[in-house]
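So this block is my_file-v3.cif, mmCIF, C-alpha atoms:
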```cif
data_input
loop_
_atom_site.label_atom_id
_atom_site.label_comp_id
_atom_site.auth_asym_id
_atom_site.auth_seq_id
_atom_site.Cartn_x
_atom_site.Cartn_y
_atom_site.Cartn_z
CA MET A 14 207.57 122.01 141.30
CA ASN A 15 207.14 121.41 145.04
CA LEU A 16 209.87 123.23 146.93
CA SER A 17 210.68 123.90 150.55
CA ALA A 18 208.85 126.78 152.22
CA HIS A 19 212.25 128.11 153.33
CA PRO A 20 214.29 128.76 150.17
CA ASP A 21 217.89 127.66 150.12
CA ILE A 22 220.23 128.40 147.24
CA HIS A 23 218.92 125.49 145.15
CA THR A 24 215.32 126.58 145.67
CA LEU A 25 216.17 130.16 144.75
CA HIS A 26 217.90 128.86 141.61
CA GLU A 27 214.68 127.07 140.56
CA LEU A 28 212.51 130.07 141.41
CA TYR A 29 214.77 132.22 139.27
CA ARG A 30 214.44 129.73 136.42
CA CYS A 31 210.67 130.23 136.50
CA MET A 32 210.96 134.02 136.60
CA SER A 33 213.51 134.04 133.78
CA ARG A 34 211.23 131.99 131.52
CA ILE A 35 208.34 134.36 132.21
CA ARG A 36 210.49 137.43 131.49
CA ALA A 37 211.86 135.96 128.26
CA PHE A 38 208.35 135.07 127.10
CA GLU A 39 207.00 138.53 127.92
CA ASP A 40 209.90 140.31 126.23
CA ALA A 41 209.37 138.32 123.04
CA ALA A 42 205.59 138.72 123.15
CA GLU A 43 206.00 142.46 123.50
CA VAL A 44 208.10 142.71 120.34
CA ILE A 45 206.00 140.42 118.16
CA SER A 46 202.81 142.21 119.16
CA GLN A 47 204.10 145.58 118.00
CA GLY A 48 204.96 144.78 114.37
CA GLY A 49 207.63 146.18 112.12
CA VAL A 50 210.38 146.00 114.73
CA SER A 51 212.60 143.73 112.64
CA ALA A 52 212.39 141.55 109.56
CA TYR A 53 211.99 138.48 111.77
CA ASN A 54 209.19 139.91 113.83
CA LYS A 55 206.82 141.23 111.22
CA THR A 56 204.49 139.52 108.80
CA ALA A 57 204.53 139.87 105.03
CA ASP A 58 202.48 143.05 105.23
CA GLY A 59 204.54 144.47 108.09
CA SER A 60 201.88 143.97 110.74
CA ALA A 61 202.29 142.33 114.14
CA LYS A 62 202.36 138.55 114.41
CA VAL A 63 200.27 138.67 117.58
CA ARG A 64 197.02 140.55 117.05
CA GLY A 65 194.77 142.23 119.57
CA PRO A 66 195.44 143.49 123.12
CA LEU A 67 198.36 141.88 124.88
CA HIS A 68 198.90 142.61 128.59
CA LEU A 69 202.40 141.98 129.93
CA SER A 70 203.30 140.92 133.45
CA THR A 71 206.87 142.20 133.19
CA GLY A 72 208.08 143.11 136.67
CA GLN A 73 205.58 140.89 138.48
CA GLU A 74 207.34 137.55 137.91
CA ALA A 75 208.14 136.86 141.57
CA VAL A 76 204.47 136.52 142.56
CA PRO A 77 203.44 133.61 140.30
CA ALA A 78 206.85 131.96 140.65
CA GLY A 79 206.77 132.03 144.45
CA VAL A 80 203.15 130.94 144.76
CA CYS A 81 202.93 128.28 142.06
CA ALA A 82 206.08 126.51 143.28
CA HIS A 83 203.84 125.01 145.98
CA LEU A 84 201.13 123.76 143.61
CA GLY A 85 200.65 120.40 141.93
CA ALA A 86 198.74 119.42 138.81
CA GLN A 87 195.69 118.62 140.97
CA ASP A 88 195.52 122.21 142.23
CA LEU A 89 193.55 124.77 140.23
CA LEU A 90 194.27 128.36 139.27
CA THR A 91 192.38 131.30 137.83
CA SER A 92 194.10 134.26 136.25
CA THR A 93 193.58 137.75 134.88
CA HIS A 94 193.99 139.48 131.53
CA ARG A 95 197.69 139.70 132.53
CA GLY A 96 198.11 135.95 132.84
CA HIS A 97 201.12 134.74 130.87
CA GLY A 98 203.25 134.45 134.01
CA HIS A 99 200.59 132.56 135.94
CA THR A 100 200.13 130.11 133.08
CA LEU A 101 203.84 129.37 132.73
CA ALA A 102 204.38 129.11 136.49
CA LYS A 103 201.52 126.58 136.72
CA GLY A 104 203.39 124.33 134.30
CA ALA A 105 201.86 125.05 130.91
CA ASP A 106 203.96 124.34 127.83
CA LEU A 107 205.72 127.49 126.64
CA ALA A 108 205.57 126.60 122.95
CA GLY A 109 201.85 125.86 123.19
CA MET A 110 201.36 129.26 124.75
CA MET A 111 203.24 130.98 121.96
CA CYS A 112 201.17 129.18 119.34
CA GLU A 113 198.03 130.33 121.12
CA LEU A 114 199.20 133.95 121.03
CA TYR A 115 199.86 133.58 117.30
CA GLY A 116 196.31 132.28 116.82
CA LYS A 117 197.54 128.96 115.46
CA ALA A 118 195.67 125.65 115.47
CA THR A 119 198.32 124.08 117.73
CA GLY A 120 197.72 126.57 120.53
CA PHE A 121 196.13 125.38 123.78
CA ASN A 122 192.76 126.66 122.68
CA GLY A 123 193.13 126.22 118.95
CA GLY A 124 194.07 129.87 118.57
CA LYS A 125 190.67 131.01 119.82
CA GLY A 126 191.66 132.13 123.31
CA GLY A 127 194.70 134.21 122.53
CA SER A 128 196.49 136.11 125.24
CA MET A 129 193.53 137.23 127.38
CA HIS A 130 191.65 133.93 127.47
CA ILE A 131 194.40 131.35 127.44
CA ALA A 132 193.73 128.20 129.46
CA ASP A 133 195.28 124.79 129.99
CA PHE A 134 193.08 122.46 131.99
CA SER A 135 195.73 119.71 131.81
CA VAL A 136 197.82 121.60 134.38
CA GLY A 137 194.86 123.02 136.31
CA MET A 138 194.99 126.47 134.74
CA LEU A 139 191.30 127.33 134.36
CA GLY A 140 191.89 130.41 132.28
CA ALA A 141 192.90 134.01 131.96
CA ASN A 142 190.01 136.44 131.84
CA GLY A 143 189.49 139.72 130.02
CA VAL A 144 186.93 140.92 132.57
CA VAL A 145 188.43 142.50 135.69
CA ALA A 146 187.55 140.47 138.82
CA ALA A 147 185.80 137.74 136.80
CA GLY A 148 188.30 135.10 137.90
CA LEU A 149 187.28 135.49 141.54
CA PRO A 150 183.85 133.80 141.40
CA ILE A 151 185.24 131.13 139.07
CA ALA A 152 187.93 130.32 141.63
CA VAL A 153 185.40 130.20 144.45
CA GLY A 154 183.20 127.87 142.43
CA ALA A 155 186.16 125.61 141.73
CA ALA A 156 187.18 125.58 145.39
CA HIS A 157 183.64 124.78 146.46
CA ALA A 158 183.60 121.83 144.07
CA GLN A 159 186.91 120.63 145.51
CA LYS A 160 185.46 120.74 149.03
CA LEU A 161 182.19 119.01 148.12
CA GLN A 162 184.05 116.26 146.27
CA GLY A 163 186.56 115.79 149.07
CA ARG A 164 189.55 116.48 146.85
CA GLN A 165 192.94 116.98 148.45
CA ALA A 166 193.60 120.10 146.41
CA ILE A 167 193.22 123.87 146.55
CA THR A 168 192.46 126.71 144.16
CA VAL A 169 194.60 129.83 143.76
CA CYS A 170 193.02 133.02 142.47
CA PHE A 171 195.23 135.79 141.09
CA PHE A 172 193.73 139.25 140.71
CA GLY A 173 194.95 142.84 140.55
CA ASP A 174 194.46 145.78 142.90
CA GLY A 175 191.88 147.25 140.52
CA ALA A 176 189.67 144.19 141.05
CA ILE A 177 189.08 144.91 144.73
CA ASN A 178 186.78 147.80 143.82
CA ARG A 179 184.46 145.54 141.86
CA GLY A 180 181.52 143.59 143.23
CA PRO A 181 182.83 140.07 142.55
CA PHE A 182 185.67 140.67 145.01
CA LEU A 183 183.30 141.15 147.97
CA GLU A 184 180.91 138.44 146.82
CA SER A 185 183.66 135.87 146.28
CA LEU A 186 185.52 136.47 149.54
CA ASN A 187 182.23 136.45 151.45
CA TRP A 188 181.23 133.08 149.96
CA ALA A 189 184.68 131.60 150.53
CA SER A 190 184.63 132.72 154.15
CA ILE A 191 181.11 131.46 154.88
CA HIS A 192 181.87 128.01 153.45
CA GLN A 193 185.53 127.90 154.54
CA LEU A 194 186.72 127.01 151.08
CA PRO A 195 190.23 125.82 150.16
CA VAL A 196 191.22 128.91 148.20
CA LEU A 197 194.19 131.26 148.28
CA PHE A 198 193.41 134.76 147.02
CA VAL A 199 196.51 136.50 145.66
CA CYS A 200 196.29 140.25 145.09
CA GLU A 201 199.01 141.38 142.69
CA ASP A 202 199.09 145.02 143.74
CA ASN A 203 201.02 146.62 140.87
CA ARG A 204 199.79 150.15 141.71
CA TRP A 205 198.07 150.74 138.37
CA SER A 206 194.55 150.03 137.14
CA ALA A 207 194.94 150.29 133.37
CA THR A 208 196.12 153.91 132.97
CA THR A 209 194.97 155.15 136.39
CA ALA A 210 196.97 155.08 139.60
CA SER A 211 195.14 152.74 141.97
CA ALA A 212 195.82 154.33 145.35
CA PRO A 213 193.59 157.41 144.94
CA MET A 214 190.72 155.15 143.87
CA ILE A 215 190.88 152.70 146.80
CA ALA A 216 189.19 153.79 150.02
CA GLY A 217 190.42 152.50 153.34
CA GLU A 218 193.46 150.28 153.78
CA GLY A 219 193.03 148.16 150.67
CA ALA A 220 192.85 144.45 149.93
CA SER A 221 194.21 143.15 153.25
CA ALA A 222 191.82 145.19 155.38
CA ARG A 223 188.83 144.22 153.27
CA SER A 224 189.83 140.56 153.49
CA ALA A 225 190.21 140.72 157.26
CA SER A 226 186.78 142.35 157.57
CA LEU A 227 185.34 139.16 156.07
CA SER A 228 187.29 136.96 158.52
CA ILE A 229 189.82 135.86 155.92
CA PRO A 230 193.36 136.22 157.32
CA ALA A 231 195.53 138.40 155.10
CA THR A 232 199.32 138.49 154.82
CA GLN A 233 201.30 141.24 153.14
CA VAL A 234 204.56 140.62 151.31
CA ASP A 235 207.07 142.42 149.12
CA GLY A 236 206.04 140.89 145.80
CA ASN A 237 209.40 141.67 144.21
CA GLU A 238 211.33 139.36 146.55
CA VAL A 239 210.59 135.88 145.28
CA TRP A 240 212.07 134.09 148.30
CA ARG A 241 209.70 135.97 150.62
CA VAL A 242 206.69 135.31 148.38
CA HIS A 243 207.66 131.64 148.29
CA ALA A 244 208.02 131.34 152.05
CA LEU A 245 204.78 133.10 152.95
CA ALA A 246 202.77 131.42 150.19
CA GLY A 247 204.04 128.08 151.46
CA GLN A 248 202.76 128.80 154.96
CA LEU A 249 199.37 129.99 153.73
CA ILE A 250 198.91 127.05 151.38
CA ALA A 251 199.84 124.63 154.15
CA ASP A 252 197.17 126.23 156.37
CA ILE A 253 194.57 125.88 153.62
CA ARG A 254 195.47 122.26 152.91
CA ALA A 255 195.10 121.55 156.63
CA GLY A 256 191.51 122.73 156.51
CA GLY A 257 192.09 126.25 157.77
CA GLY A 258 189.84 127.87 155.19
CA PRO A 259 190.64 130.68 152.77
CA ARG A 260 193.63 132.99 153.01
CA LEU A 261 194.71 136.15 151.17
CA LEU A 262 198.25 137.10 150.13
CA HIS A 263 198.66 140.79 149.35
CA ALA A 264 201.78 141.11 147.21
CA SER A 265 203.08 144.61 146.48
CA THR A 266 204.80 144.71 143.11
CA TYR A 267 205.05 146.96 140.04
CA ARG A 268 204.08 146.68 136.39
CA LEU A 269 207.16 147.81 134.47
CA LYS A 270 205.34 148.08 131.13
CA GLY A 271 202.25 149.95 130.00
CA HIS A 272 198.73 148.61 130.26
CA VAL A 273 199.11 146.86 126.90
CA SER A 274 202.22 146.10 124.87
CA VAL A 275 201.86 149.14 122.63
CA ASP A 276 201.22 151.52 125.55
CA LEU A 277 204.26 153.71 126.28
CA ALA A 278 202.78 154.67 129.68
CA ALA A 279 203.64 158.34 129.21
CA TYR A 280 201.13 159.12 131.96
CA ARG A 281 203.54 157.66 134.51
CA ASP A 282 206.14 159.67 136.44
CA PRO A 283 209.57 158.75 134.97
CA GLU A 284 211.11 158.85 138.44
CA GLU A 285 208.54 156.36 139.71
CA LEU A 286 209.46 154.01 136.89
CA ARG A 287 213.20 154.47 137.48
CA LEU A 288 212.88 153.55 141.14
CA ALA A 289 210.71 150.56 140.26
CA GLN A 290 213.30 149.31 137.79
CA LEU A 291 215.85 149.26 140.60
CA ARG A 292 213.54 146.83 142.41
CA ASP A 293 213.23 144.49 139.43
CA PRO A 294 212.48 141.05 140.93
CA LEU A 295 215.06 139.32 138.76
CA LEU A 296 217.79 141.73 139.83
CA ARG A 297 216.83 141.33 143.47
CA ALA A 298 216.90 137.55 143.13
CA GLN A 299 220.34 137.76 141.55
CA ALA A 300 221.65 139.82 144.45
CA HIS A 301 220.12 137.45 147.01
CA TYR A 302 221.49 134.42 145.19
CA GLN A 303 224.99 135.88 145.28
CA ALA A 304 224.58 136.75 148.97
CA LEU A 305 223.86 133.06 149.59
CA GLY A 306 227.14 132.17 147.87
CA GLY A 307 225.87 131.44 144.38
CA ALA A 308 227.57 132.53 141.18
CA LEU A 309 225.84 135.09 138.96
CA GLY A 310 226.90 133.01 135.97
CA ASP A 311 224.56 130.24 137.11
CA LEU A 312 221.57 132.55 136.73
CA GLN A 313 222.84 134.06 133.50
CA ALA A 314 222.92 130.53 132.10
CA LEU A 315 219.22 130.22 132.99
CA ASP A 316 218.53 133.49 131.17
CA ALA A 317 220.30 132.17 128.06
CA ALA A 318 218.37 128.90 128.21
CA ALA A 319 215.07 130.78 128.58
CA ALA A 320 215.87 132.99 125.59
CA ALA A 321 216.69 129.93 123.49
CA GLU A 322 213.48 128.19 124.55
CA VAL A 323 211.41 131.22 123.59
CA ALA A 324 213.17 131.55 120.24
CA GLU A 325 212.38 127.90 119.48
CA ALA A 326 208.75 128.43 120.53
CA MET A 327 208.48 131.38 118.13
CA ALA A 328 209.89 129.25 115.32
CA GLN A 329 207.32 126.56 116.08
CA ALA A 330 204.54 129.14 116.11
CA ASP A 331 205.72 130.53 112.79
CA ALA A 332 205.59 127.08 111.23
CA ALA A 333 202.34 125.96 112.87
CA PRO A 334 199.18 125.75 110.73
CA TRP A 335 196.30 128.19 110.92
CA PRO A 336 192.97 126.79 112.11
CA GLU A 337 190.66 125.37 109.47
CA ALA A 338 187.69 127.61 108.66
CA SER A 339 185.37 124.89 109.97
CA ALA A 340 186.89 125.33 113.44
CA ALA A 341 184.86 128.52 113.77
CA TYR A 342 181.81 126.30 114.29
CA SER A 343 183.30 124.13 117.04
CA ASP A 344 183.45 124.84 120.78
CA ILE A 345 180.15 126.70 120.55
CA GLN A 346 177.45 126.51 123.19
CA SER A 347 174.17 125.28 121.73
CA THR A 348 170.96 126.98 122.85
CA GLY A 349 168.83 124.27 121.23
CA GLU A 350 167.39 123.92 117.75
CA GLY A 351 164.98 126.65 116.81
CA MET A 352 165.82 128.87 119.78
CA TRP A 353 166.94 132.44 119.33
CA PHE A 354 167.53 135.52 121.45
#
```
Output the structure of this file as structure tokens.
Amino acid sequence: MNLSAHPDIHTLHELYRCMSRIRAFEDAAEVISQGGVSAYNKTADGSAKVRGPLHLSTGQEAVPAGVCAHLGAQDLLTSTHRGHGHTLAKGADLAGMMCELYGKATGFNGGKGGSMHIADFSVGMLGANGVVAAGLPIAVGAAHAQKLQGRQAITVCFFGDGAINRGPFLESLNWASIHQLPVLFVCEDNRWSATTASAPMIAGEGASARSASLSIPATQVDGNEVWRVHALAGQLIADIRAGGGPRLLHASTYRLKGHVSVDLAAYRDPEELRLAQLRDPLLRAQAHYQALGGALGDLQALDAAAAAEVAEAMAQADAAPWPEASAAYSDIQSTGEGMWF
């Protein structure tokens, strides 16, 4: 979806469509990962349909929607352990994603990747990653390959505020700056690193200041206003495509759910959460859409369509086959016959 860098009402409508699909997917994934919520959502033994850790991006939808609207299939993307929204915004099939979460054979990765390691190379999504900051060097490597091969494409790297305190952040930005690589770094600053507030653990002025110290221009944006994310991301991506080298977008947002889907986040101040809920990116987009003269019913229709699409994806995942036992021996790196470690 290639949209204007200056959103009009039609563009905002399409950005909302993307956010609504992400929210509907995350809401459903939350329920089916908890188990026992309803007869539809639990397995025969009452356990969850989606097993293992599941990290929701609820409340952060405006960042991937606004950024990925400017990307094509030739552009690449790396994600985090909280990557459902990035994957959908990059154009991955929603039903295929749901099957992957279920661990079914028809998932993108044959059920082996699951939520934290989902990938779809067909749309340039190089993968979510369960290791904090691990997507940064992968993105830099991809961008370096794009430059060496003369491709007319860029790489976008999403990472959280917790990642800027890890070594790969410095190493990756340094390499990207030295070689002037076509990469956009996007810091989704949701204020929480797992169950710890980020601010007390980040010295100095944060991601933007650290980026600027490495000669990578940084731009800050309210990550809950999708039209602003879209406009600024469009400018930065245009600069990168023109050969301007790497850029960083520091998007301030908020994670409305706990660290994982079964985390009630009782460690969080209820007032902080209440205020954050008032800044829900979907609600803000609705208000802006109406201010531009649009009808709320138009967006509510998108919400209904997204809910129906997710329900159909869940039905497909329910009916999809489990992987054959032999699949456990495929997609394995060989170290050579007779070698062992």
Could you please determine the separation between CA of Arg254 in chain A and CA of Ala225 in chain A in Å, to one decimal place?
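Interatomic distance, CA of Arg254 in chain A to CA of Ala225 in chain A: 19.7 Å.
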If I take CA of Glu238 in chain A and CA of Asp174 in chain A, how far is one from the other in Å, to one decimal?
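If I compute the distance from CA of Glu238 in chain A to CA of Asp174 in chain A, I get 18.4 Å.
All protein and nucleic acid residues in the vicinity of (204.0, 148.2, 146.4), that is within 10 Å when counting only C-alpha atoms, are A:Glu201, A:Asp202, A:Asn203, A:Arg204, A:Val234, A:Asp235, A:Gly236, A:Asn237, A:His263, A:Ala264, A:Ser265, A:Thr266, A:Tyr267, A:Ala289.
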Report the residues retrieved by the PyMOL selection byres ((chain A and resi 133-145) around 10) from the displayed file, expressed as a ChimeraX atom specification.
/A:66,68,84-97,99-106,109-110,120-122,126-132,146-149,151-152,155,168-169,171-179,181-182,206
All residues 8 Å or closer to Val63 in chain A, all atoms listed in the file, same chain fewer than 2 positions away omitted, as a list in words:
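What passes the distance filter is Ala42, Ile45, Ser46, Gln47, Ala61, Gly65, Leu114, Tyr115 and Gly116 of chain A.
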Just C-alpha atoms for this one: save the residues we selected as a PDB file, in the frame of the given file.
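Saved to selection-v3.pdb:
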```pdb
ATOM      1  CA  ALA A  42     205.590 138.720 123.150  1.00  0.00           C
ATOM      2  CA  ILE A  45     206.000 140.420 118.160  1.00  0.00           C
ATOM      3  CA  SER A  46     202.810 142.210 119.160  1.00  0.00           C
ATOM      4  CA  GLN A  47     204.100 145.580 118.000  1.00  0.00           C
ATOM      5  CA  ALA A  61     202.290 142.330 114.140  1.00  0.00           C
ATOM      6  CA  GLY A  65     194.770 142.230 119.570  1.00  0.00           C
ATOM      7  CA  LEU A 114     199.200 133.950 121.030  1.00  0.00           C
ATOM      8  CA  TYR A 115     199.860 133.580 117.300  1.00  0.00           C
ATOM      9  CA  GLY A 116     196.310 132.280 116.820  1.00  0.00           C
TER      10      GLY A 116
END
```
Looking at A:Val153, A:Ala324, A:Ala300, A:Ile167, which one is nearest to Val239 in chain A, with distances taken over only C-alpha atoms?
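Of all the options, A:Ala300 lies closest to Val239 in chain A.
Among A:Ser190, A:Ser221, A:Ser33, A:Ser274, the residue with the shortest atom-to-atom distance to Gly257 in chain A, counting all atoms listed in the file, is A:Ser190.
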I'd like the neighbourhood of range 309-311 of chain A as a list in words, where a residue qualifies if any of its atoms comes within 12 Å (using all atoms listed in the file), though same-chain residues fewer than 6 positions away should be ignored.
Ile22, His23, Leu25, His26, Glu27, Tyr29, Arg30, Leu295, Leu296, Arg297, Ala298, Gln299, Ala300, His301, Tyr302, Gln303, Ala317 and Ala318 of chain A
Do you have the CA of Pro259 in chain A-CA of Cys81 in chain A distance handy?
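Distance between the two atoms: 16.5 Å.
Once the PyMOL selection byres ((chain A and resi 74) around 7) is applied to the shown structure, the selection contains Met32, Ile35, Ser70, Thr71, Gly72, Gln73, Ala75, Val76, Pro77, Ala78, Gly98 and Pro294 of chain A.
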Near-Val80 in chain A list (7 Å; only C-alpha atoms; drop same-chain fewer than 4 positions) as a ChimeraX atom specification
/A:76,242-243,246
For Tyr280 in chain A, the nearest of the candidates A:Thr24, A:Thr209, A:Gln159, A:Gln193, counting only C-alpha atoms
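Ranked by minimum distance to Tyr280 in chain A, first place goes to A:Thr209.
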Just want the 8 Å neighbourhood of Met327 in chain A, counted on all atoms listed in the file, with same-chain residues fewer than 6 positions away dropped. Output as an NGL selection string.
:A and (108 or 111-112)
Can I get the selected residues back with C-alpha atoms, as a PDB file, keeping the file's coordinate frame?
```pdb
ATOM      1  CA  ALA A 108     205.570 126.600 122.950  1.00  0.00           C
ATOM      2  CA  MET A 111     203.240 130.980 121.960  1.00  0.00           C
ATOM      3  CA  CYS A 112     201.170 129.180 119.340  1.00  0.00           C
TER       4      CYS A 112
END
```
Between A:Leu269, A:Ile191, A:Gln346, A:Ala314, which has the minimum distance to Leu288 in chain A (counting all atoms listed in the file)?
A:Leu269
Residue nearest His83 in chain A among A:Val273, A:Ala158, A:Leu245, A:Ala338 (counting all atoms listed in the file)
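For His83 in chain A, the nearest of the given residues is A:Leu245.
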